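Just data-v3.cif here, mmCIF, C-alpha atoms and all ligand atoms:
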```cif
data_input
loop_
_atom_site.label_atom_id
_atom_site.label_comp_id
_atom_site.auth_asym_id
_atom_site.auth_seq_id
_atom_site.Cartn_x
_atom_site.Cartn_y
_atom_site.Cartn_z
CA MET A 571 41.96 106.79 91.84
CA LYS A 572 43.74 103.76 90.33
CA ARG A 573 45.16 106.09 87.72
CA ILE A 574 46.94 108.08 90.46
CA ILE A 575 48.06 105.17 92.68
CA LEU A 576 49.74 103.07 90.01
CA PRO A 577 52.12 105.73 88.70
CA LEU A 578 52.83 106.76 92.30
CA ALA A 579 53.74 103.20 93.29
CA ALA A 580 55.92 102.88 90.20
CA ALA A 581 57.68 106.13 91.06
CA LEU A 582 58.23 105.00 94.66
CA LEU A 583 59.69 101.71 93.49
CA LEU A 584 61.89 103.51 91.03
CA CYS A 585 63.37 105.87 93.59
CA GLY A 586 63.78 103.08 96.09
CA CYS A 587 61.50 104.76 98.64
CA ALA A 588 59.36 101.62 98.84
CA GLU A 589 62.35 99.56 100.00
CA ASP A 590 61.50 97.46 103.07
CA ARG A 591 64.43 98.30 105.31
CA SER A 592 63.85 95.30 107.57
CA GLN A 593 65.03 93.22 104.59
CA VAL A 594 68.06 95.33 103.78
CA LEU A 595 71.33 95.69 105.70
CA LYS A 596 73.61 98.57 104.68
CA VAL A 597 77.23 97.86 105.61
CA TYR A 598 79.98 100.47 105.28
CA ASN A 599 83.49 99.04 105.66
CA TRP A 600 87.08 99.77 104.64
CA SER A 601 88.05 98.61 101.16
CA ASP A 602 89.96 95.29 100.88
CA TYR A 603 88.82 94.39 104.36
CA ILE A 604 86.70 91.25 104.05
CA ASP A 605 86.45 87.93 102.25
CA GLU A 606 83.55 88.97 100.00
CA GLU A 607 82.19 85.42 99.89
CA VAL A 608 81.12 85.70 103.52
CA ILE A 609 78.56 88.38 102.59
CA PRO A 610 76.02 86.05 100.88
CA GLU A 611 76.78 83.49 103.57
CA PHE A 612 75.64 86.01 106.17
CA GLU A 613 72.35 86.47 104.30
CA ALA A 614 71.69 82.70 104.39
CA TRP A 615 72.77 82.40 108.05
CA TYR A 616 70.56 85.32 109.09
CA GLU A 617 67.53 83.67 107.53
CA GLU A 618 68.42 80.37 109.17
CA GLN A 619 68.76 82.01 112.62
CA THR A 620 65.81 84.41 112.50
CA GLY A 621 63.52 83.15 109.76
CA GLU A 622 63.82 86.59 108.14
CA LYS A 623 65.32 87.55 104.81
CA VAL A 624 67.98 90.21 104.43
CA LYS A 625 69.92 91.60 101.48
CA VAL A 626 73.30 93.19 102.23
CA ILE A 627 74.24 96.42 100.48
CA TYR A 628 77.99 96.59 100.96
CA GLN A 629 79.91 99.85 100.41
CA THR A 630 83.51 100.78 101.15
CA PHE A 631 85.66 103.76 102.16
CA ASP A 632 89.43 104.39 102.28
CA ILE A 633 89.75 107.04 104.94
CA ASN A 634 88.10 107.31 108.36
CA GLU A 635 87.33 110.99 107.96
CA THR A 636 85.39 110.45 104.69
CA MET A 637 83.21 107.86 106.40
CA LEU A 638 82.69 110.03 109.46
CA SER A 639 81.59 113.10 107.54
CA LYS A 640 78.90 111.04 105.76
CA ILE A 641 77.55 109.70 109.06
CA GLU A 642 77.77 113.04 110.85
CA LYS A 643 75.65 114.73 108.21
CA GLY A 644 72.96 112.08 108.78
CA HIS A 645 72.38 111.77 105.05
CA GLU A 646 73.34 108.11 105.02
CA ASP A 647 71.41 105.44 106.85
CA TYR A 648 74.16 102.82 107.12
CA ASP A 649 73.25 100.12 109.62
CA VAL A 650 76.73 98.99 110.52
CA VAL A 651 80.04 100.77 110.02
CA CYS A 652 83.68 100.02 110.84
CA PRO A 653 85.56 103.11 112.13
CA SER A 654 88.93 103.19 113.90
CA ASP A 655 89.40 103.71 117.64
CA TYR A 656 89.74 107.51 117.74
CA ILE A 657 86.70 107.86 115.49
CA ILE A 658 84.66 105.50 117.67
CA GLU A 659 85.59 107.77 120.57
CA ARG A 660 84.46 110.81 118.63
CA MET A 661 81.17 109.14 117.63
CA LEU A 662 80.51 108.18 121.25
CA ARG A 663 81.19 111.73 122.40
CA SER A 664 78.82 113.15 119.82
CA ASP A 665 76.06 110.62 120.61
CA LEU A 666 76.17 109.10 117.14
CA LEU A 667 76.08 105.47 118.25
CA LEU A 668 73.48 103.04 119.52
CA PRO A 669 74.37 100.57 122.28
CA LEU A 670 74.76 97.04 121.03
CA ASP A 671 71.95 94.65 121.91
CA ARG A 672 73.61 91.29 122.64
CA ASN A 673 70.39 89.35 122.91
CA PHE A 674 70.66 86.84 120.09
CA GLY A 675 68.01 84.40 121.30
CA SER A 676 69.13 80.85 120.62
CA THR A 677 72.00 82.02 118.38
CA PRO A 678 75.36 81.83 120.23
CA ASN A 679 76.96 85.13 121.23
CA TYR A 680 80.30 84.84 119.39
CA ILE A 681 81.28 88.37 120.36
CA ASP A 682 81.74 87.94 124.07
CA GLU A 683 82.79 84.31 123.85
CA ASN A 684 85.92 85.17 121.92
CA LEU A 685 87.06 88.75 122.40
CA SER A 686 90.75 88.99 123.35
CA PRO A 687 91.30 90.47 126.85
CA TYR A 688 93.87 92.85 125.34
CA ILE A 689 91.32 94.27 122.91
CA ARG A 690 88.72 94.60 125.65
CA SER A 691 91.16 96.59 127.78
CA CYS A 692 92.14 98.86 124.88
CA PHE A 693 88.46 99.59 124.17
CA ASP A 694 88.04 100.33 127.89
CA LYS A 695 90.70 103.03 127.47
CA MET A 696 88.66 104.89 124.84
CA ASP A 697 87.18 107.98 126.41
CA GLY A 698 83.56 108.06 125.28
CA ASN A 699 82.43 110.81 127.64
CA GLY A 700 81.19 108.39 130.25
CA LYS A 701 80.24 105.68 127.78
CA ASN A 702 82.29 102.48 127.58
CA ALA A 703 83.30 101.68 124.00
CA ASN A 704 82.78 97.96 124.69
CA ASP A 705 79.04 98.61 125.06
CA TYR A 706 78.79 100.40 121.70
CA SER A 707 81.35 98.74 119.47
CA VAL A 708 82.91 95.38 118.78
CA GLY A 709 86.45 95.07 117.50
CA TYR A 710 86.97 93.68 114.00
CA MET A 711 90.65 93.88 113.02
CA TRP A 712 93.57 95.55 114.74
CA GLY A 713 97.23 96.12 114.00
CA THR A 714 100.18 98.45 114.08
CA THR A 715 101.51 101.31 111.98
CA GLY A 716 105.07 100.64 110.85
CA ILE A 717 107.54 100.60 107.98
CA LEU A 718 107.30 98.09 105.13
CA TYR A 719 110.58 97.97 103.23
CA ASN A 720 112.41 96.17 100.47
CA ALA A 721 115.45 94.40 101.93
CA LYS A 722 117.31 94.59 98.59
CA TYR A 723 117.59 98.38 98.87
CA VAL A 724 116.98 99.15 102.55
CA THR A 725 118.88 97.83 105.57
CA ASP A 726 117.12 96.74 108.77
CA GLU A 727 118.99 99.56 110.51
CA GLU A 728 117.68 102.19 108.05
CA ALA A 729 114.14 100.90 108.55
CA SER A 730 114.39 101.00 112.34
CA THR A 731 113.50 104.71 112.54
CA TRP A 732 110.64 106.88 111.30
CA ASP A 733 113.37 109.13 109.92
CA ILE A 734 113.60 106.78 106.95
CA ILE A 735 110.91 108.90 105.30
CA ARG A 736 113.42 111.79 105.23
CA ASN A 737 116.34 109.67 103.99
CA PRO A 738 117.39 111.08 100.56
CA LYS A 739 118.69 107.65 99.56
CA PHE A 740 115.06 106.66 99.00
CA ALA A 741 113.88 109.67 97.03
CA ASP A 742 110.81 108.88 94.89
CA LYS A 743 110.61 105.39 96.36
CA ILE A 744 108.60 106.28 99.44
CA PHE A 745 104.85 105.76 99.83
CA ILE A 746 102.98 107.10 102.83
CA LYS A 747 99.48 106.29 104.07
CA ASP A 748 97.11 109.14 103.41
CA SER A 749 96.00 109.01 107.02
CA ALA A 750 96.69 112.30 108.81
CA ARG A 751 96.20 110.95 112.33
CA ASP A 752 98.36 107.87 111.87
CA VAL A 753 101.22 109.79 110.31
CA TYR A 754 101.02 112.62 112.87
CA SER A 755 101.17 110.14 115.75
CA GLN A 756 104.35 108.46 114.52
CA ILE A 757 106.10 111.73 113.73
CA ILE A 758 105.31 113.30 117.09
CA LEU A 759 106.88 110.19 118.67
CA LYS A 760 109.95 110.78 116.51
CA LEU A 761 110.14 114.48 117.34
CA LYS A 762 109.77 113.93 121.09
CA GLU A 763 112.20 111.01 121.16
CA LYS A 764 114.60 112.82 123.51
CA ASP A 765 111.86 113.93 125.92
CA ILE A 766 110.56 110.36 126.05
CA ALA A 767 114.04 108.98 126.78
CA GLU A 768 114.54 111.57 129.55
CA GLY A 769 111.17 110.68 131.06
CA LYS A 770 109.77 114.20 130.48
CA VAL A 771 106.74 112.84 128.66
CA ASP A 772 105.23 109.40 128.16
CA ILE A 773 104.07 108.13 124.82
CA ASP A 774 100.41 107.96 125.85
CA GLN A 775 100.41 111.69 126.67
CA LEU A 776 101.91 112.46 123.27
CA MET A 777 98.75 111.25 121.54
CA ASN A 778 97.01 114.36 122.90
CA TYR A 779 99.70 116.83 121.83
CA THR A 780 97.66 119.15 119.65
CA SER A 781 99.24 122.56 120.27
CA ASP A 782 99.87 124.86 117.29
CA GLU A 783 103.57 124.49 117.98
CA ASP A 784 103.49 120.68 117.80
CA ILE A 785 101.34 120.68 114.68
CA ALA A 786 103.75 123.14 113.05
CA ALA A 787 106.73 120.93 113.95
CA VAL A 788 105.10 117.87 112.36
CA GLU A 789 104.13 119.97 109.33
CA GLN A 790 107.71 121.07 108.84
CA TYR A 791 108.95 117.49 109.20
CA MET A 792 106.41 116.19 106.70
CA LYS A 793 107.16 118.92 104.19
CA GLN A 794 110.77 117.72 104.17
CA ALA A 795 109.59 114.13 103.72
CA LYS A 796 107.26 115.22 100.92
CA GLU A 797 110.26 116.11 98.74
CA LEU A 798 111.05 112.39 98.63
CA VAL A 799 107.52 110.97 98.55
CA ALA A 800 106.34 109.10 95.44
CA GLY A 801 102.72 108.93 96.59
CA TRP A 802 100.14 109.25 99.37
CA GLU A 803 98.13 106.09 99.35
CA ALA A 804 95.10 104.56 100.98
CA ASP A 805 95.36 101.14 99.40
CA PHE A 806 97.72 101.04 96.43
CA GLY A 807 100.99 101.21 98.39
CA LYS A 808 101.10 97.46 98.90
CA ASP A 809 101.01 96.81 95.13
CA GLN A 810 103.72 99.39 94.52
CA MET A 811 105.89 97.62 97.08
CA VAL A 812 105.30 94.18 95.56
CA GLN A 813 106.23 95.52 92.12
CA GLU A 814 109.35 97.16 93.65
CA LEU A 815 108.19 100.58 92.46
CA GLY A 816 108.32 101.59 96.11
CA TRP A 817 111.05 100.59 98.54
CA VAL A 818 109.65 102.15 101.70
CA ASN A 819 106.02 102.36 102.80
CA LEU A 820 104.73 103.93 106.00
CA THR A 821 101.75 101.63 106.32
CA TRP A 822 99.52 99.38 108.41
CA SER A 823 100.59 95.88 109.44
CA GLY A 824 97.81 94.13 107.47
CA ASP A 825 98.91 95.73 104.20
CA GLY A 826 102.41 94.69 105.25
CA VAL A 827 101.44 91.02 105.70
CA TRP A 828 99.56 90.99 102.37
CA ALA A 829 102.49 92.56 100.51
CA ILE A 830 105.15 90.37 102.16
CA ASP A 831 103.23 87.21 101.15
CA GLU A 832 102.60 88.40 97.57
CA ALA A 833 106.19 89.57 97.13
CA ALA A 834 107.65 86.30 98.46
CA GLU A 835 105.95 84.45 95.60
CA GLN A 836 107.89 86.67 93.19
CA GLY A 837 111.18 86.34 95.03
CA VAL A 838 110.98 89.88 96.46
CA ASP A 839 112.09 90.23 100.09
CA LEU A 840 109.77 92.68 101.86
CA ARG A 841 109.98 93.18 105.63
CA TYR A 842 108.08 95.15 108.25
CA SER A 843 109.59 97.10 111.15
CA LEU A 844 108.19 98.77 114.25
CA PRO A 845 110.51 101.79 114.67
CA LYS A 846 112.54 102.26 117.82
CA GLU A 847 110.93 105.63 118.70
CA GLY A 848 107.60 103.85 119.39
CA PHE A 849 104.48 103.41 117.28
CA THR A 850 100.71 103.22 117.49
CA VAL A 851 98.45 100.23 117.69
CA TRP A 852 95.04 100.79 116.05
CA PHE A 853 91.70 99.03 116.35
CA ASP A 854 88.77 99.06 113.94
CA GLY A 855 85.40 98.13 115.36
CA TRP A 856 81.81 97.59 114.22
CA VAL A 857 79.34 100.22 115.40
CA ILE A 858 75.65 100.90 114.76
CA PRO A 859 75.07 104.59 113.93
CA LYS A 860 72.00 106.25 115.37
CA PHE A 861 70.61 106.73 111.83
CA ALA A 862 70.57 102.93 111.26
CA GLN A 863 67.33 101.44 109.96
CA ASN A 864 67.96 97.76 110.56
CA VAL A 865 69.48 97.45 114.01
CA LYS A 866 68.58 93.77 114.38
CA ALA A 867 70.40 92.62 111.24
CA ALA A 868 73.31 94.94 112.15
CA SER A 869 73.73 93.19 115.52
CA TYR A 870 73.60 89.79 113.85
CA TRP A 871 76.20 90.96 111.29
CA ILE A 872 78.56 91.89 114.13
CA ASN A 873 77.96 88.55 115.80
CA PHE A 874 78.56 86.66 112.53
CA MET A 875 81.81 88.56 111.94
CA SER A 876 83.00 87.30 115.34
CA ARG A 877 82.33 83.62 114.54
CA PRO A 878 85.76 81.89 114.53
CA ASP A 879 85.53 80.29 111.07
CA ILE A 880 84.45 83.63 109.54
CA VAL A 881 87.25 85.41 111.43
CA ILE A 882 89.83 83.00 109.98
CA ARG A 883 88.60 83.53 106.43
CA ASN A 884 88.61 87.30 106.74
CA VAL A 885 92.14 87.28 108.15
CA GLU A 886 93.35 85.00 105.37
CA ALA A 887 91.76 87.17 102.68
CA THR A 888 92.95 90.55 103.95
CA GLY A 889 96.25 90.06 105.78
CA TYR A 890 94.80 91.88 108.80
CA VAL A 891 94.52 90.31 112.22
CA SER A 892 91.28 89.75 114.08
CA VAL A 893 90.47 90.86 117.62
CA SER A 894 89.33 87.31 118.30
CA GLY A 895 91.18 85.45 121.01
CA ALA A 896 89.41 82.16 120.20
CA PRO A 897 91.60 79.02 120.47
CA GLU A 898 90.59 78.03 116.90
CA VAL A 899 91.98 81.33 115.64
CA ARG A 900 95.24 80.88 117.56
CA GLU A 901 95.57 77.36 116.13
CA ALA A 902 94.88 78.54 112.58
CA PHE A 903 97.69 81.10 112.71
CA THR A 904 100.24 79.01 114.57
CA ASP A 905 103.03 77.93 112.25
CA GLU A 906 106.35 76.30 113.20
CA GLU A 907 108.00 78.33 110.42
CA PHE A 908 107.93 81.33 112.81
CA GLU A 909 109.94 81.97 115.98
CA PRO A 910 107.95 81.87 119.23
CA VAL A 911 106.23 85.14 120.14
CA ASP A 912 104.96 86.13 123.60
CA LEU A 913 101.21 86.46 123.07
CA SER A 914 100.21 86.06 126.70
CA TYR A 915 98.71 89.56 126.56
CA PHE A 916 96.45 88.61 123.65
CA PHE A 917 95.25 85.01 124.05
CA SER A 918 95.81 83.66 127.57
CA PRO A 919 98.57 83.94 130.21
CA ALA A 920 99.87 80.52 129.14
CA ASP A 921 100.59 81.71 125.58
CA THR A 922 104.09 83.02 126.21
CA ALA A 923 105.66 81.24 123.23
CA VAL A 924 103.35 80.89 120.25
CA CYS A 925 104.94 80.31 116.84
CA ALA A 926 103.09 83.03 114.92
CA ASN A 927 103.81 85.75 112.36
CA PRO A 928 105.07 88.70 114.46
CA VAL A 929 103.73 91.22 111.93
CA LEU A 930 100.22 89.89 112.57
CA TYR A 931 100.74 89.24 116.26
CA PRO A 932 103.46 91.50 117.74
CA ASP A 933 105.46 90.21 120.68
CA LYS A 934 104.51 91.55 124.11
CA ALA A 935 107.83 93.42 124.27
CA ASP A 936 106.85 95.38 121.13
CA ILE A 937 103.35 96.06 122.40
CA ASN A 938 104.98 97.61 125.48
CA ARG A 939 106.52 100.27 123.18
CA SER A 940 103.17 101.18 121.64
CA THR A 941 100.34 103.57 122.37
CA GLN A 942 96.82 104.20 121.03
CA GLU A 943 95.26 107.25 119.40
CA HIS A 944 92.44 109.37 120.81
CA ASP A 945 89.91 111.81 119.45
CA TRP A 946 91.20 115.39 119.20
CA GLY A 947 87.74 116.96 119.32
CA GLU A 948 87.72 120.48 117.90
CA ASN A 949 91.46 120.37 117.26
CA THR A 950 90.92 117.77 114.54
CA GLU A 951 90.24 120.57 112.07
CA LYS A 952 93.75 122.02 112.63
CA LEU A 953 95.24 118.64 111.76
CA ILE A 954 93.18 118.21 108.60
CA THR A 955 94.15 121.68 107.37
CA MET A 956 97.81 121.04 108.11
CA TRP A 957 97.62 117.74 106.21
CA SER A 958 96.17 119.44 103.12
CA ARG A 959 99.00 121.97 103.27
CA VAL A 960 101.55 119.16 103.45
CA LYS A 961 100.08 117.23 100.54
CA GLY A 962 99.60 120.40 98.57
CA ASP A 963 95.82 120.16 98.26
CA ASN A 964 95.75 123.94 98.65
CA ALA A 965 97.43 124.18 95.22
CA ASN A 966 94.04 123.10 93.89
CA VAL A 967 92.61 126.48 94.74
CA PHE A 968 95.04 128.01 92.26
CA THR A 969 94.19 125.32 89.76
CA TYR A 970 90.50 126.25 90.06
CA VAL A 971 91.29 129.97 89.72
CA PHE A 972 93.35 129.19 86.62
CA ILE A 973 90.59 127.03 85.08
CA PHE A 974 87.99 129.70 85.90
CA ALA A 975 90.14 132.44 84.30
CA ALA A 976 90.74 130.29 81.19
CA LEU A 977 87.00 129.54 80.85
CA ALA A 978 86.17 133.22 81.30
CA ALA A 979 88.72 134.16 78.60
CA VAL A 980 87.27 131.58 76.17
CA SER A 981 83.71 132.81 76.84
CA ILE A 982 84.69 136.46 76.35
CA ALA A 983 86.48 135.55 73.11
CA ALA A 984 83.36 133.66 71.91
CA ILE A 985 81.13 136.64 72.75
CA VAL A 986 83.47 139.04 70.90
CA VAL A 987 83.67 136.76 67.82
CA ASN A 988 79.88 136.33 67.82
CA ALA A 989 79.29 140.06 68.16
CA ARG A 990 81.60 140.73 65.21
CA LYS A 991 79.83 138.07 63.10
CA ASN A 992 76.43 139.62 63.96
CA ARG A 993 77.70 143.10 63.06
CA ARG A 994 78.97 141.78 59.71
CA ARG A 995 75.65 139.92 59.11
CA ARG A 996 73.65 143.06 59.96
CA SER A 997 75.77 145.25 57.66
CA ARG A 998 75.45 142.64 54.84
CA ARG A 999 71.65 142.60 55.32
CA ARG A 1000 71.59 146.40 55.25
CA ARG A 1001 73.48 146.42 51.95
C1 LIG A 1101 92.32 98.00 104.61
C2 LIG A 1101 92.13 99.11 105.59
C3 LIG A 1101 92.66 98.82 106.92
C4 LIG A 1101 92.26 99.82 107.91
N1 LIG A 1101 92.22 98.49 103.30
C5 LIG A 1101 93.23 100.03 108.97
N2 LIG A 1101 92.73 100.83 110.00
#
```
Could I get this structure in the form of structure tokens?
Amino acid sequence: MKRIILPLAAALLLCGCAEDRSQVLKVYNWSDYIDEEVIPEFEAWYEEQTGEKVKVIYQTFDINETMLSKIEKGHEDYDVVCPSDYIIERMLRSDLLLPLDRNFGSTPNYIDENLSPYIRSCFDKMDGNGKNANDYSVGYMWGTTGILYNAKYVTDEEASTWDIIRNPKFADKIFIKDSARDVYSQIILKLKEKDIAEGKVDIDQLMNYTSDEDIAAVEQYMKQAKELVAGWEADFGKDQMVQELGWVNLTWSGDGVWAIDEAAEQGVDLRYSLPKEGFTVWFDGWVIPKFAQNVKAASYWINFMSRPDIVIRNVEATGYVSVSGAPEVREAFTDEEFEPVDLSYFFSPADTAVCANPVLYPDKADINRSTQEHDWGENTEKLITMWSRVKGDNANVFTYVFIFAALAAVSIAAIVVNARKNRRRRSRRRR
């Protein structure tokens, strides 16, 4: 018997099947989106709070859709994941999420103590098919989509419109986020600029414009932009901008803040604009997928990520801004170097003039020009296909056909050469 059990146990250990999941927390987050030193600190804090050990397995993704397809298939048992708003909506609609248990015993509940009222109301607006997103997810970072630009080559005026990505003056100097939904949303705002001005449509409605005609119009627009694009990026755009290899980057505000700070140290003047046609505000939030195996540690992770000192460190490390409306957080990011910004919508009604970085914390007047994205349901597929056509991913099919044909030709040639050799060998043997 022993002879069977021992190798079996060894095999189980080897393939990881013997892993005690109550001691493991699998986290799936965006890349460059945390101060990595807080991860071991969570492990120690969890043990302190619960008396239980946990080891964090931390993995990252670059694009929402990549993360979602892994979760949807159910092949991955991540315990806590950080999707964006429209994906949270989609996960709620397809019953992929567990409600968050806020019972932390004697541990303080940092989540509800600190959440900004603005973030709570934006999560309320997510349409989870009867489920409120605030019960299933907790905001992490949020921000805007805008234009990062190099003031040496680009004027403020040129950067004040999404049309900058079709401005031939910046050919081969433009980087665009490889995020189909974010790009689509800004371009539909650009294309419907006149209708918005005439009051025929409001910007919130535009986020659900998914007709074939609208998708085709954005496709045409983006194919013109593509002629000038130096790269589609998920994370490397900020470096390209700092090194002045790119002059224009359609990007997220956190990448903007990071790049502006880095560039300033090298004497490069990068700026960030929120175009006049309107723009989207996005929110990323922690959720617990229904395939999670360690729900308890996942809830504690979310709580820990909402603790003000951890929030401040993550913001400082990433350039992104937290959903936390805690006074400590407001203090930490108040700096007389900046002009006063109206943040009454975010912190408290009294905060009408806070000296803060407006890229991190946009003024209320800017927020009034923004909208938020929603799940497109079945129409998402049309967008993804259009995006591959724009980027030219479909050219890969021809590449594969070409490689296949070349391999086939080489194999046929090898067979012919071999057959000839064999014939010669046979005729030599016969002689
Ligand atoms: C950071 C990713 C930020 C995600 N690399 C913005 N939704």
Using only C-alpha atoms and all ligand atoms, which of A:Glu659, A:Asp733, A:Asp805, A:Asp605 sits nearest ligand LIG 1101 (chain A)?
-> A:Asp805
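Taking all atoms listed in the file, the non-local environment of Met696 in chain A within 8 Å (same-chain residues fewer than 5 positions away omitted) comprises Asp655, Tyr656, Glu659, Asn702, Ala703 and His944 of chain A.
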Write a file of the just-selected residues containing C-alpha atoms, as a PDB file, keeping the file's coordinate frame.
```pdb
ATOM      1  CA  ASP A 655      89.400 103.710 117.640  1.00  0.00           C
ATOM      2  CA  TYR A 656      89.740 107.510 117.740  1.00  0.00           C
ATOM      3  CA  GLU A 659      85.590 107.770 120.570  1.00  0.00           C
ATOM      4  CA  ASN A 702      82.290 102.480 127.580  1.00  0.00           C
ATOM      5  CA  ALA A 703      83.300 101.680 124.000  1.00  0.00           C
ATOM      6  CA  HIS A 944      92.440 109.370 120.810  1.00  0.00           C
TER       7      HIS A 944
END
```
Kindly compile the residues surrounding ligand LIG 1101 (chain A) within 8 Å, counting only C-alpha atoms and all ligand atoms, and format them as an NGL selection string.
-> :A and (600-603 or 632 or 653-654 or 711-713 or 804-805 or 822 or 824-825 or 852-854 or 888 or 890)
Among the residues A:Val818, A:Asp772, A:Leu685, A:Ile785, the one that comes closest to Ala741 in chain A [using only C-alpha atoms] =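 Residue with the minimum atom-to-atom distance to Ala741 in chain A: A:Val818.
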Tell me, in Å to one decimal, how far CA of Glu797 in chain A is from CA of Trp957 in chain A.
->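 Computing the Euclidean distance for CA of Glu797 in chain A and CA of Trp957 in chain A yields 14.8 Å.
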Point (96.7, 91.2, 125.0) neighbourhood (10 Å, all atoms listed in the file) written as a list in words | Ser686, Pro687, Tyr688, Ile689, Arg690, Ser691, Cys692, Val893, Gly895, Asp912, Leu913, Ser914, Tyr915, Phe916, Phe917, Ser918, Pro919, Tyr931, Pro932, Asp933, Lys934 and Ile937 of chain A
Each residue of range 859-955 of chain A with at least one atom at most 12 Å from range 757-762 of chain A should appear once, together with its nearest atom pair and the corresponding distance in Å (one decimal); atoms considered: all atoms listed in the file; ordering: chain, then increasing residue number; output as JSON lines.
```
{"residue": "A:Arg939", "atom": "CA", "partner": "A:Leu759", "partner_atom": "CA", "distance": 10.9}
{"residue": "A:Ser940", "atom": "CA", "partner": "A:Leu759", "partner_atom": "CA", "distance": 10.2}
{"residue": "A:Thr941", "atom": "CA", "partner": "A:Leu759", "partner_atom": "CA", "distance": 10.0}
{"residue": "A:Gln942", "atom": "CA", "partner": "A:Leu759", "partner_atom": "CA", "distance": 11.9}
{"residue": "A:Glu943", "atom": "CA", "partner": "A:Ile758", "partner_atom": "CA", "distance": 12.0}
```
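Among the candidate residues A:Lys860, A:Lys952, A:His645, A:Lys596, the one lying nearest to Asp782 in chain A is A:Lys952, with distances computed using all atoms listed in the file.
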Counting all atoms listed in the file, the option among A:Ile604, A:Met811, A:Leu820, A:Ala923 closest to Pro845 in chain A |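 For Pro845 in chain A, the nearest of the given residues is A:Leu820.
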Could you give me, as a ChimeraX atom specification, the residues within 8 Å of range 868-879 of chain A, counting only C-alpha atoms and dropping anything in the same chain fewer than 3 positions from it?
-> /A:595,612,616,649-650,670-672,674,679-681,684,708,710,856,858,864-865,882-883,894,896,898-899
Can you patch up range 590-594 of chain A, filling it in to all heavy atoms, and show the result as an mmCIF file, in the frame of the given file?
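What ended up in result_31.cif:
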```cif
data_model
loop_
_atom_site.group_PDB
_atom_site.id
_atom_site.type_symbol
_atom_site.label_atom_id
_atom_site.label_comp_id
_atom_site.auth_asym_id
_atom_site.auth_seq_id
_atom_site.Cartn_x
_atom_site.Cartn_y
_atom_site.Cartn_z
ATOM 1 N N ASP A 590 61.821 97.893 101.710
ATOM 2 C CA ASP A 590 61.500 97.460 103.070
ATOM 3 C C ASP A 590 62.830 97.318 103.798
ATOM 4 O O ASP A 590 63.573 96.366 103.584
ATOM 5 C CB ASP A 590 60.750 96.120 102.983
ATOM 6 C CG ASP A 590 60.473 95.573 104.374
ATOM 7 O OD1 ASP A 590 60.875 96.217 105.370
ATOM 8 O OD2 ASP A 590 59.854 94.494 104.461
ATOM 9 N N ARG A 591 63.097 98.282 104.693
ATOM 10 C CA ARG A 591 64.430 98.300 105.310
ATOM 11 C C ARG A 591 64.658 97.138 106.272
ATOM 12 O O ARG A 591 65.800 96.867 106.625
ATOM 13 C CB ARG A 591 64.655 99.651 105.998
ATOM 14 C CG ARG A 591 64.991 100.755 105.046
ATOM 15 C CD ARG A 591 66.349 100.555 104.337
ATOM 16 N NE ARG A 591 67.428 101.207 105.057
ATOM 17 C CZ ARG A 591 68.376 100.583 105.715
ATOM 18 N NH1 ARG A 591 68.385 99.258 105.769
ATOM 19 N NH2 ARG A 591 69.328 101.248 106.332
ATOM 20 N N SER A 592 63.601 96.444 106.682
ATOM 21 C CA SER A 592 63.850 95.300 107.570
ATOM 22 C C SER A 592 64.449 94.139 106.761
ATOM 23 O O SER A 592 64.910 93.158 107.317
ATOM 24 C CB SER A 592 62.571 94.862 108.261
ATOM 25 O OG SER A 592 61.714 94.264 107.307
ATOM 26 N N GLN A 593 64.443 94.287 105.424
ATOM 27 C CA GLN A 593 65.030 93.220 104.590
ATOM 28 C C GLN A 593 66.321 93.656 103.925
ATOM 29 O O GLN A 593 66.803 93.012 103.001
ATOM 30 C CB GLN A 593 64.005 92.794 103.531
ATOM 31 C CG GLN A 593 62.786 92.192 104.169
ATOM 32 C CD GLN A 593 61.988 91.339 103.206
ATOM 33 O OE1 GLN A 593 62.344 91.188 102.042
ATOM 34 N NE2 GLN A 593 60.915 90.774 103.694
ATOM 35 N N VAL A 594 66.824 94.809 104.377
ATOM 36 C CA VAL A 594 68.060 95.330 103.780
ATOM 37 C C VAL A 594 69.031 95.666 104.907
ATOM 38 O O VAL A 594 68.646 96.233 105.922
ATOM 39 C CB VAL A 594 67.768 96.620 102.967
ATOM 40 C CG1 VAL A 594 69.051 97.283 102.502
ATOM 41 C CG2 VAL A 594 66.872 96.302 101.782
#
```
